[in-house]
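Visitor: Input query.cif, format and content: mmCIF, C-alpha atoms.
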data_start
loop_
_atom_site.label_atom_id
_atom_site.label_comp_id
_atom_site.auth_asym_id
_atom_site.auth_seq_id
_atom_site.Cartn_x
_atom_site.Cartn_y
_atom_site.Cartn_z
CA MET D 1 -72.45 44.85 53.42
CA HIS D 2 -70.76 43.53 56.52
CA SER D 3 -67.18 44.79 56.62
CA SER D 4 -66.99 47.13 59.58
CA PRO D 5 -64.14 49.66 59.51
CA ASP D 6 -62.89 48.90 63.03
CA GLU D 7 -61.88 45.24 62.60
CA PRO D 8 -60.16 43.91 65.75
CA PRO D 9 -56.63 42.60 65.18
CA ARG D 10 -55.91 39.24 63.56
CA SER D 11 -55.17 36.20 65.64
CA LYS D 12 -53.77 32.72 65.08
CA PRO D 13 -53.76 29.31 66.78
CA GLN D 14 -51.37 29.33 69.73
CA SER D 15 -50.43 25.65 69.93
CA LEU D 16 -51.26 22.15 68.80
CA SER D 17 -53.69 21.75 71.67
CA ASP D 18 -55.32 25.08 70.74
CA LEU D 19 -55.87 23.66 67.24
CA PHE D 20 -57.20 20.40 68.61
CA VAL D 21 -59.60 22.03 71.07
CA SER D 22 -60.76 24.69 68.59
CA PHE D 23 -61.63 22.16 65.94
CA THR D 24 -63.30 19.88 68.48
CA VAL D 25 -65.51 22.74 69.65
CA LEU D 26 -66.20 23.68 66.04
CA ALA D 27 -67.09 20.13 64.97
CA LEU D 28 -69.41 19.52 67.92
CA GLN D 29 -71.55 22.51 66.95
CA GLY D 30 -71.95 21.27 63.39
CA PHE D 31 -75.30 19.57 63.08
CA GLY D 32 -76.12 18.93 59.44
CA GLY D 33 -72.79 20.24 58.17
CA VAL D 34 -69.87 22.01 59.78
CA LEU D 35 -69.26 24.75 57.24
CA ALA D 36 -71.57 27.41 58.70
CA VAL D 37 -69.91 26.91 62.08
CA ALA D 38 -66.45 27.00 60.51
CA GLN D 39 -67.03 30.46 59.01
CA ARG D 40 -68.53 31.73 62.27
CA GLU D 41 -65.74 30.34 64.48
CA LEU D 42 -62.66 30.84 62.29
CA VAL D 43 -63.53 34.23 60.78
CA GLU D 44 -65.93 35.97 63.15
CA ARG D 45 -64.95 34.65 66.57
CA LYS D 46 -61.33 33.50 66.48
CA ARG D 47 -60.26 35.81 63.62
CA TRP D 48 -57.68 33.34 62.33
CA MET D 49 -58.60 34.47 58.83
CA THR D 50 -60.63 37.10 56.92
CA ASN D 51 -63.70 36.35 54.84
CA GLU D 52 -61.57 36.72 51.67
CA GLU D 53 -59.00 34.23 52.96
CA PHE D 54 -61.75 31.87 54.03
CA VAL D 55 -63.22 31.86 50.52
CA GLU D 56 -59.79 31.24 48.99
CA GLU D 57 -59.03 28.33 51.32
CA TRP D 58 -62.54 27.02 50.87
CA ALA D 59 -62.12 27.00 47.08
CA VAL D 60 -59.06 24.76 47.45
CA ALA D 61 -60.76 22.54 50.06
CA GLN D 62 -63.75 22.15 47.79
CA ILE D 63 -61.89 21.31 44.60
CA MET D 64 -59.59 18.74 46.19
CA PRO D 65 -60.99 15.22 46.57
CA GLY D 66 -62.23 14.25 50.00
CA PRO D 67 -64.55 15.88 52.53
CA ASN D 68 -64.20 19.66 52.14
CA ILE D 69 -64.35 20.48 55.85
CA ILE D 70 -61.66 17.86 56.57
CA ASN D 71 -59.52 19.35 53.81
CA LEU D 72 -60.02 22.82 55.31
CA CYS D 73 -58.90 21.78 58.80
CA ILE D 74 -55.84 20.02 57.38
CA MET D 75 -54.91 23.13 55.42
CA ILE D 76 -55.28 25.45 58.41
CA GLY D 77 -53.49 23.10 60.80
CA GLY D 78 -50.73 22.55 58.25
CA ARG D 79 -50.34 26.28 57.57
CA HIS D 80 -49.57 27.06 61.21
CA PHE D 81 -47.83 23.96 62.55
CA GLY D 82 -46.91 21.76 59.57
CA ARG D 83 -47.69 18.09 59.56
CA ARG D 84 -48.31 17.92 63.32
CA GLY D 85 -50.75 20.82 63.05
CA ALA D 86 -52.66 19.08 60.28
CA LEU D 87 -52.91 15.94 62.42
CA ALA D 88 -53.98 17.87 65.53
CA ALA D 89 -56.71 19.69 63.59
CA LEU D 90 -57.86 16.47 61.95
CA ALA D 91 -57.99 14.63 65.28
CA GLY D 92 -59.98 17.51 66.81
CA MET D 93 -62.42 17.41 63.94
CA LEU D 94 -62.99 13.65 64.11
CA LEU D 95 -62.41 12.17 67.58
CA ALA D 96 -65.16 13.62 69.78
CA PRO D 97 -67.82 13.58 67.01
CA LEU D 98 -66.93 9.94 66.29
CA LEU D 99 -67.45 8.90 69.92
CA ILE D 100 -70.78 10.72 70.07
CA LEU D 101 -71.83 9.22 66.76
CA LEU D 102 -71.16 5.68 67.96
CA LEU D 103 -73.22 6.37 71.07
CA ILE D 104 -76.08 7.68 68.95
CA ALA D 105 -75.80 4.63 66.69
CA LEU D 106 -76.23 2.38 69.71
CA LEU D 107 -79.31 4.33 70.85
CA TYR D 108 -80.73 4.86 67.37
CA ALA D 109 -82.53 1.53 67.16
CA HIS D 110 -84.66 2.44 70.19
CA TYR D 111 -85.63 5.97 69.23
CA ALA D 112 -85.53 6.08 65.44
CA SER D 113 -89.31 5.92 65.09
CA HIS D 114 -90.25 8.18 68.04
CA PRO D 115 -92.37 10.98 66.50
CA GLY D 116 -90.71 13.63 68.65
CA VAL D 117 -87.23 12.56 67.53
CA VAL D 118 -88.28 12.41 63.88
CA GLY D 119 -89.80 15.89 64.19
CA ALA D 120 -86.77 17.33 66.00
CA LEU D 121 -84.45 16.06 63.27
CA ARG D 122 -86.71 17.60 60.63
CA GLY D 123 -86.71 20.94 62.44
CA MET D 124 -82.91 20.91 62.84
CA GLY D 125 -82.57 20.04 59.16
CA ALA D 126 -84.63 23.10 58.20
CA VAL D 127 -82.43 25.33 60.37
CA ALA D 128 -79.24 23.75 58.98
CA ALA D 129 -80.35 24.55 55.42
CA GLY D 130 -80.77 28.19 56.46
CA LEU D 131 -77.32 28.27 58.10
CA ILE D 132 -75.65 27.17 54.88
CA VAL D 133 -77.51 29.72 52.75
CA ALA D 134 -76.57 32.46 55.24
CA THR D 135 -72.90 31.46 55.10
CA GLY D 136 -73.00 31.89 51.32
CA LEU D 137 -74.59 35.33 51.73
CA LYS D 138 -72.00 36.39 54.30
CA LEU D 139 -69.11 35.36 52.07
CA PHE D 140 -70.55 37.21 49.09
CA PRO D 141 -68.90 40.59 49.91
CA ALA D 142 -65.53 38.79 49.68
CA LEU D 143 -66.01 38.98 45.89
CA LYS D 144 -65.69 42.78 45.88
CA LYS D 145 -61.92 42.62 45.29
CA ASN D 146 -62.22 39.90 42.64
CA ALA D 147 -60.37 40.65 39.39
CA MET D 148 -63.37 39.46 37.36
CA GLY D 149 -65.54 42.28 38.62
CA MET D 150 -68.79 41.86 40.49
CA ALA D 151 -71.01 41.43 37.40
CA THR D 152 -69.00 38.50 36.02
CA CYS D 153 -68.82 36.96 39.49
CA VAL D 154 -72.59 37.10 39.82
CA THR D 155 -72.95 35.52 36.35
CA PHE D 156 -70.69 32.60 37.22
CA GLY D 157 -72.38 32.23 40.60
CA GLY D 158 -75.81 32.23 38.96
CA LEU D 159 -74.76 29.57 36.42
CA CYS D 160 -73.37 27.41 39.21
CA PHE D 161 -76.57 27.75 41.25
CA VAL D 162 -78.77 26.81 38.27
CA ALA D 163 -76.57 23.84 37.33
CA VAL D 164 -76.46 22.40 40.86
CA ALA D 165 -79.77 23.39 42.46
CA ILE D 166 -82.16 23.42 39.49
CA LEU D 167 -80.66 21.10 36.84
CA ARG D 168 -79.05 18.90 39.54
CA TRP D 169 -75.93 18.19 37.52
CA PRO D 170 -73.18 16.20 39.28
CA LEU D 171 -71.11 18.48 41.48
CA ALA D 172 -67.73 17.35 40.12
CA TYR D 173 -68.63 18.32 36.53
CA VAL D 174 -69.90 21.73 37.58
CA LEU D 175 -66.86 22.45 39.75
CA LEU D 176 -64.34 21.32 37.16
CA GLY D 177 -66.15 22.60 34.06
CA LEU D 178 -67.46 25.98 35.20
CA GLY D 179 -64.41 26.39 37.44
CA ALA D 180 -62.01 25.97 34.52
CA VAL D 181 -63.82 28.66 32.50
CA ALA D 182 -63.92 31.10 35.45
CA CYS D 183 -60.24 30.55 36.26
CA THR D 184 -59.31 31.19 32.61
CA VAL D 185 -61.30 34.44 32.61
CA VAL D 186 -59.46 35.64 35.75
CA TYR D 187 -56.10 34.47 34.41
CA ARG D 188 -56.47 36.66 31.34
CA LYS D 189 -57.41 39.70 33.44
CA LEU D 190 -54.55 39.42 35.93
CA PRO D 191 -51.24 41.12 35.15
CA ALA D 192 -48.57 38.57 34.21
CA MET H 1 -82.44 -9.21 58.67
CA ASN H 2 -79.19 -9.86 60.53
CA ILE H 3 -76.06 -10.56 58.56
CA VAL H 4 -73.43 -12.83 60.12
CA LEU H 5 -70.03 -12.60 58.49
CA HIS H 6 -66.80 -14.53 58.90
CA PHE H 7 -64.10 -12.00 58.22
CA ALA H 8 -60.52 -13.02 57.42
CA TRP H 9 -57.60 -10.57 57.25
CA GLY H 10 -57.98 -10.53 53.50
CA ASP H 11 -61.52 -9.20 53.88
CA TRP H 12 -60.37 -6.34 56.12
CA LEU H 13 -57.73 -5.51 53.54
CA HIS H 14 -60.38 -5.59 50.83
CA LEU H 15 -62.57 -3.18 52.84
CA PHE H 16 -59.57 -0.90 53.37
CA THR H 17 -58.54 -0.83 49.71
CA HIS H 18 -62.12 -0.17 48.60
CA PHE H 19 -62.33 3.03 50.66
CA LEU H 20 -58.75 3.86 49.72
CA SER H 21 -59.66 3.74 46.04
CA LEU H 22 -62.76 5.92 46.53
CA SER H 23 -60.90 8.62 48.47
CA LEU H 24 -59.32 10.31 45.48
CA LEU H 25 -62.55 10.09 43.47
CA ALA H 26 -64.55 11.96 46.09
CA VAL H 27 -64.52 15.45 44.54
CA GLY H 28 -67.32 17.34 46.27
CA GLY H 29 -67.26 15.17 49.38
CA ALA H 30 -67.30 11.53 50.35
CA ILE H 31 -71.09 11.42 49.97
CA THR H 32 -70.68 11.63 46.16
CA THR H 33 -69.18 8.13 46.23
CA ALA H 34 -72.04 6.66 48.30
CA PRO H 35 -73.59 4.93 45.26
CA ASP H 36 -70.33 3.07 44.68
CA MET H 37 -70.12 2.14 48.36
CA HIS H 38 -73.63 0.73 48.13
CA ARG H 39 -72.74 -1.30 45.05
CA PHE H 40 -69.69 -2.78 46.80
CA LEU H 41 -70.84 -3.24 50.42
CA VAL H 42 -74.48 -4.20 49.90
CA ASP H 43 -74.90 -5.62 46.40
CA GLN H 44 -71.56 -7.21 45.66
CA GLN H 45 -70.14 -8.35 49.02
CA GLY H 46 -73.32 -8.54 51.12
CA TRP H 47 -71.42 -7.08 54.10
CA LEU H 48 -74.18 -4.59 54.99
CA SER H 49 -77.96 -4.73 54.76
CA ASP H 50 -79.82 -1.96 52.93
CA ASP H 51 -81.21 -0.75 56.26
CA GLN H 52 -77.76 -0.55 57.82
CA PHE H 53 -76.45 1.35 54.80
CA ASN H 54 -79.24 3.93 54.86
CA ALA H 55 -79.16 4.29 58.65
CA SER H 56 -75.40 4.93 58.53
CA ILE H 57 -75.93 7.97 56.30
CA ALA H 58 -79.02 9.24 58.13
CA ILE H 59 -77.50 9.03 61.62
CA ALA H 60 -74.25 10.68 60.59
CA GLN H 61 -76.15 13.61 59.08
CA ALA H 62 -78.23 14.09 62.21
CA ALA H 63 -75.23 13.90 64.56
CA PRO H 64 -72.76 16.76 65.14
CA GLY H 65 -69.52 16.67 63.19
CA PRO H 66 -68.35 16.19 59.62
CA ASN H 67 -70.74 14.19 57.44
CA VAL H 68 -67.87 11.94 56.30
CA LEU H 69 -68.33 10.07 59.59
CA PHE H 70 -71.06 8.09 57.81
CA VAL H 71 -68.14 6.05 56.47
CA ALA H 72 -67.10 5.23 60.03
CA LEU H 73 -70.61 3.98 60.76
CA MET H 74 -70.49 1.74 57.70
CA GLY H 75 -67.24 0.24 58.96
CA TRP H 76 -68.80 -0.06 62.43
CA ASN H 77 -71.78 -1.97 61.06
CA VAL H 78 -69.64 -4.25 58.89
CA GLY H 79 -67.63 -5.03 62.03
CA LEU H 80 -70.76 -5.72 64.07
CA ASN H 81 -71.91 -8.13 61.38
CA ALA H 82 -68.47 -9.76 61.51
CA GLY H 83 -68.56 -10.52 65.20
CA GLY H 84 -69.00 -7.74 67.76
CA LEU H 85 -67.55 -4.67 69.39
CA TRP H 86 -63.83 -5.19 68.72
CA HIS H 87 -64.53 -6.01 65.10
CA ALA H 88 -66.72 -2.92 64.91
CA LEU H 89 -63.91 -0.70 66.21
CA LEU H 90 -61.52 -2.26 63.71
CA GLY H 91 -64.11 -1.56 61.01
CA VAL H 92 -64.23 2.12 62.02
CA LEU H 93 -60.45 2.39 61.89
CA VAL H 94 -60.05 0.61 58.56
CA SER H 95 -62.81 2.48 56.75
CA MET H 96 -61.93 5.96 58.06
CA LEU H 97 -58.20 5.57 57.36
CA GLY H 98 -59.04 4.37 53.86
CA ILE H 99 -61.36 7.25 52.97
CA ILE H 100 -59.33 10.01 54.69
CA LEU H 101 -55.68 9.14 54.09
CA PRO H 102 -55.17 9.64 50.32
CA SER H 103 -57.29 12.78 49.92
CA SER H 104 -55.85 14.38 53.07
CA ALA H 105 -52.27 13.74 52.03
CA LEU H 106 -52.96 15.18 48.59
CA THR H 107 -54.68 18.25 50.07
CA TYR H 108 -51.85 18.80 52.54
CA PHE H 109 -49.15 18.85 49.87
CA ALA H 110 -51.24 20.72 47.30
CA SER H 111 -52.15 23.47 49.77
CA ARG H 112 -48.52 23.78 50.89
CA TRP H 113 -47.43 24.11 47.28
CA GLY H 114 -50.22 26.62 46.65
CA HIS H 115 -49.20 28.71 49.65
CA GLN H 116 -45.52 28.75 48.68
CA ASN H 117 -46.48 29.78 45.15
CA ARG H 118 -49.33 32.10 46.08
CA GLU H 119 -47.93 34.97 43.98
CA LEU H 120 -48.03 32.87 40.80
CA ARG H 121 -50.55 34.14 38.29
CA ALA H 122 -52.09 30.69 37.89
CA VAL H 123 -52.57 30.24 41.64
CA ARG H 124 -54.18 33.65 42.02
CA ALA H 125 -56.39 32.96 38.99
CA PHE H 126 -57.47 29.64 40.48
CA LYS H 127 -58.48 31.12 43.82
CA GLN H 128 -60.29 34.12 42.38
CA GLY H 129 -61.95 32.11 39.63
CA MET H 130 -63.27 29.50 42.02
CA ALA H 131 -64.50 32.03 44.61
CA PRO H 132 -67.89 32.94 43.05
CA ILE H 133 -68.51 29.29 42.19
CA VAL H 134 -67.93 27.89 45.66
CA ILE H 135 -70.00 30.68 47.21
CA ALA H 136 -72.89 29.93 44.84
CA LEU H 137 -72.41 26.26 45.63
CA LEU H 138 -73.16 26.97 49.29
CA ILE H 139 -76.40 28.71 48.45
CA ALA H 140 -77.28 25.85 46.08
CA THR H 141 -76.56 23.28 48.80
CA GLY H 142 -78.86 25.11 51.22
CA TRP H 143 -81.49 25.26 48.49
CA LEU H 144 -81.23 21.50 47.86
CA LEU H 145 -81.52 20.76 51.58
CA ALA H 146 -84.56 23.03 51.81
CA SER H 147 -86.24 21.44 48.77
CA ALA H 148 -86.27 18.17 50.67
CA HIS H 149 -88.91 19.91 52.86
CA GLY H 150 -91.47 19.27 50.12
CA ASP H 151 -94.18 21.50 48.66
CA PRO H 152 -93.85 25.14 49.91
CA ALA H 153 -97.65 25.58 49.90
CA ARG H 154 -98.21 22.66 52.30
CA ASP H 155 -94.92 22.56 54.22
CA TRP H 156 -94.53 26.32 54.59
CA PRO H 157 -93.58 26.16 58.30
CA LEU H 158 -90.41 24.25 57.39
CA TRP H 159 -89.55 26.69 54.61
CA LEU H 160 -90.25 29.60 56.94
CA THR H 161 -87.90 28.07 59.53
CA THR H 162 -85.15 27.89 56.89
CA VAL H 163 -85.70 31.49 55.73
CA VAL H 164 -85.82 32.90 59.27
CA SER H 165 -82.70 31.03 60.38
CA ALA H 166 -80.86 32.15 57.24
CA LEU H 167 -81.78 35.79 57.94
CA LEU H 168 -80.80 35.52 61.62
CA VAL H 169 -77.41 33.98 60.84
CA TRP H 170 -76.75 36.45 58.06
CA ARG H 171 -77.61 39.63 59.95
CA THR H 172 -76.99 38.80 63.63
CA ARG H 173 -74.38 37.05 65.76
CA LEU H 174 -76.87 34.83 67.55
CA HIS H 175 -75.20 31.56 68.53
CA LEU H 176 -75.92 28.82 65.99
CA LEU H 177 -76.74 26.28 68.68
CA TRP H 178 -79.72 28.40 69.86
CA LEU H 179 -81.13 28.24 66.36
CA LEU H 180 -80.58 24.48 66.03
CA GLY H 181 -82.13 23.99 69.46
CA ALA H 182 -85.13 26.08 68.48
CA GLY H 183 -85.52 24.03 65.30
CA ALA H 184 -85.37 20.81 67.32
CA LEU H 185 -88.03 22.08 69.76
CA LEU H 186 -90.36 23.22 66.98
CA GLY H 187 -90.00 19.83 65.34
CA TRP H 188 -90.38 17.88 68.57
CA TYR H 189 -93.75 19.52 69.25
CA GLY H 190 -94.84 19.02 65.66
CA LEU H 191 -94.98 22.75 64.86
CA VAL H 192 -92.89 22.47 61.69
#
Let's see the structure in the file written out as structure tokens.

Guide:
Amino acid sequence: MHSSPDEPPRSKPQSLSDLFVSFTVLALQGFGGVLAVAQRELVERKRWMTNEEFVEEWAVAQIMPGPNIINLCIMIGGRHFGRRGALAALAGMLLAPLLILLLIALLYAHYASHPGVVGALRGMGAVAAGLIVATGLKLFPALKKNAMGMATCVTFGGLCFVAVAILRWPLAYVLLGLGAVACTVVYRKLPA
Amino acid sequence: MNIVLHFAWGDWLHLFTHFLSLSLLAVGGAITTAPDMHRFLVDQQGWLSDDQFNASIAIAQAAPGPNVLFVALMGWNVGLNAGGLWHALLGVLVSMLGIILPSSALTYFASRWGHQNRELRAVRAFKQGMAPIVIALLIATGWLLASAHGDPARDWPLWLTTVVSALLVWRTRLHLLWLLGAGALLGWYGLV
């Protein structure tokens, strides 16, 4: 769908401060979840990784305990600059948003019931839901090279969607249960 | 209802170890452990009021940045109840370190191991097996956020906003902040 033949060359973070600033910029754009922004910034704008790599890293970030976007920034920071890189990325992700959040918390009491503010938050929430769906759609072509084949991928994806969105099963069970089956299927298809 | 607490060092330690113990249980994000936080902070210890607990989650989701910052706000509010600004800052530090430290350390070492052993059949099977599931999970998450809009027949402007923003993000490179800003404006003027 989206993979253009003339991809510009890959890039990577230049320094600890590049990591810090990049993740600060990324985090500050993330209203109602940072993931959509992460794919846009890391894959499409900065080109630190491809869509395929993003999905692979995201799978690890998602399955590990803890906030997935925090896990992702630690993995990327750590990959390029070791422990200091992980800390720089983590600090970028948390510091500025934390300061803003505390400011908002101080103001919240005054404006929480203002109809305009309530409406604006509802409108931003509706957009944020769309951003997350779109990120899923954009990552979908990354499955083309999957050893399972597209049909099996779609089956597992469909089961996951039904379990989480329709049946509302707890996320951990779906990830661990369905994930274990899918990983076994791939394992048996891969050459030893 | 205002809570006034008298916090000793033992209480800070207790707060810290509570978040520390939840960190490794938070598969799928820190928000999955929110029920346990409520049981501990509100019901058992009486350190937070119900309003403060709910506001902590709501504000963090509306603000830019990772959603895990709701934990910082809980620590902030516990600190405010315990005696003011410096306590509140200590609360932020204690709660965030507790929730972030164990899962981040585990992710850091696991991802390093995974990268060093990326040619292993099991590692490749894990990444490829999880890929369709985490992609479907994104679409499911967006779906769940959108279902909070309510009945599509009555609240169709909100659903339409979600669908249009999903299409725009998927097919164009329009900056995400324009979309969020548009959503906020539509909501502010009561159009969605």

Visitor: To verify the selection step, state as a VMD selection string which residues the PyMOL selection byres ((chain D and resi 22) around 12) yields on this input.

Guide: chain D and resid 12 to 21 23 to 29 37 to 38 41 to 42 45 to 46 48 73 76 to 77 88 to 93 96

Visitor: So how many Å separate CA of Leu89 (chain H) and CA of Pro35 (chain H), to one decimal?

Guide: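 According to the coordinates, CA of Leu89 (chain H) and CA of Pro35 (chain H) are separated by 23.8 Å.
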
Visitor: What does the distance from CA of Val186 (chain D) to CA of Pro170 (chain D) come to in Å, to one decimal?

Guide: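 It comes out at 24.1 Å.
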
Visitor: Given 6 Å of margin on each side, can you work out the centre and size in Å (one decimal) of an axis-aligned box holding every listed atom of region 100-117 of chain H, as JSON?

Guide:
{"center_x": -52.4, "center_y": 19.5, "center_z": 49.9, "size_x": 25.8, "size_y": 32.6, "size_z": 21.5}

Visitor: What are the closest atom pairs, with distances in Å to one decimal, for each residue of region 63-171 of chain H lying within 10 Å of region 44-57 of chain H, using all atoms listed in the file, rows by chain and rising residue number, as JSON lines?

Guide:
{"residue": "H:Asn67", "atom": "CA", "partner": "H:Ile57", "partner_atom": "CA", "distance": 8.2}
{"residue": "H:Val68", "atom": "CA", "partner": "H:Ile57", "partner_atom": "CA", "distance": 9.0}
{"residue": "H:Leu69", "atom": "CA", "partner": "H:Ile57", "partner_atom": "CA", "distance": 8.5}
{"residue": "H:Phe70", "atom": "CA", "partner": "H:Ile57", "partner_atom": "CA", "distance": 5.1}
{"residue": "H:Val71", "atom": "CA", "partner": "H:Ser56", "partner_atom": "CA", "distance": 7.6}
{"residue": "H:Ala72", "atom": "CA", "partner": "H:Ser56", "partner_atom": "CA", "distance": 8.4}
{"residue": "H:Leu73", "atom": "CA", "partner": "H:Ser56", "partner_atom": "CA", "distance": 5.4}
{"residue": "H:Met74", "atom": "CA", "partner": "H:Ser56", "partner_atom": "CA", "distance": 5.9}
{"residue": "H:Gly75", "atom": "CA", "partner": "H:Leu48", "partner_atom": "CA", "distance": 9.3}
{"residue": "H:Trp76", "atom": "CA", "partner": "H:Ser56", "partner_atom": "CA", "distance": 9.1}
{"residue": "H:Asn77", "atom": "CA", "partner": "H:Gln52", "partner_atom": "CA", "distance": 6.9}
{"residue": "H:Val78", "atom": "CA", "partner": "H:Trp47", "partner_atom": "CA", "distance": 5.8}
{"residue": "H:Gly79", "atom": "CA", "partner": "H:Trp47", "partner_atom": "CA", "distance": 9.0}
{"residue": "H:Leu80", "atom": "CA", "partner": "H:Leu48", "partner_atom": "CA", "distance": 9.8}
{"residue": "H:Asn81", "atom": "CA", "partner": "H:Trp47", "partner_atom": "CA", "distance": 7.4}
{"residue": "H:Ala82", "atom": "CA", "partner": "H:Trp47", "partner_atom": "CA", "distance": 8.4}

Visitor: From the options H:Leu174, H:Leu90, H:Val4, H:Ile133, which residue's atoms come nearest to chain D, counting all atoms listed in the file?

Guide: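 Distance minimum relative to chain D lands on H:Ile133.
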
Visitor: If we draw a sphere of 12 Å around (-89.8, 17.0, 65.4), which residues have at least one atom in it when counting only C-alpha atoms? Please report them as a PyMOL selection string.

Guide: (chain D and resi 112-126) or (chain H and resi 158+180-192)

Visitor: Selected by the PyMOL selection byres ((chain H and resi 147-153) around 12) in the shown coordinates: which residues, as a VMD selection string?

Guide: (chain D and resid 121 to 127 129 to 130 165 to 166 168) or (chain H and resid 140 to 146 154 to 163 192)

Visitor: Taking the file as shown, find all residues satisfying the PyMOL selection byres ((chain D and resi 141) around 10) and write them as JSON, numbers by chain.

Guide: {"D": [1, 2, 3, 51, 52, 136, 137, 138, 139, 140, 142, 143, 144, 145, 146, 150]}

Visitor: Which residue gives the smallest distance to chain D among H:Thr33, H:Phe109, H:Leu101, H:Val27, with all atoms listed in the file counted?

Guide: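 Of the candidates, the smallest distance to chain D is held by H:Val27.
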
Visitor: For chain D, which residue among H:Met37, H:Ala26, H:Leu85, H:Ile31 is the nearest when counting only C-alpha atoms?

Guide: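 Looking only at the distances to chain D, the closest residue turns out to be H:Ala26.
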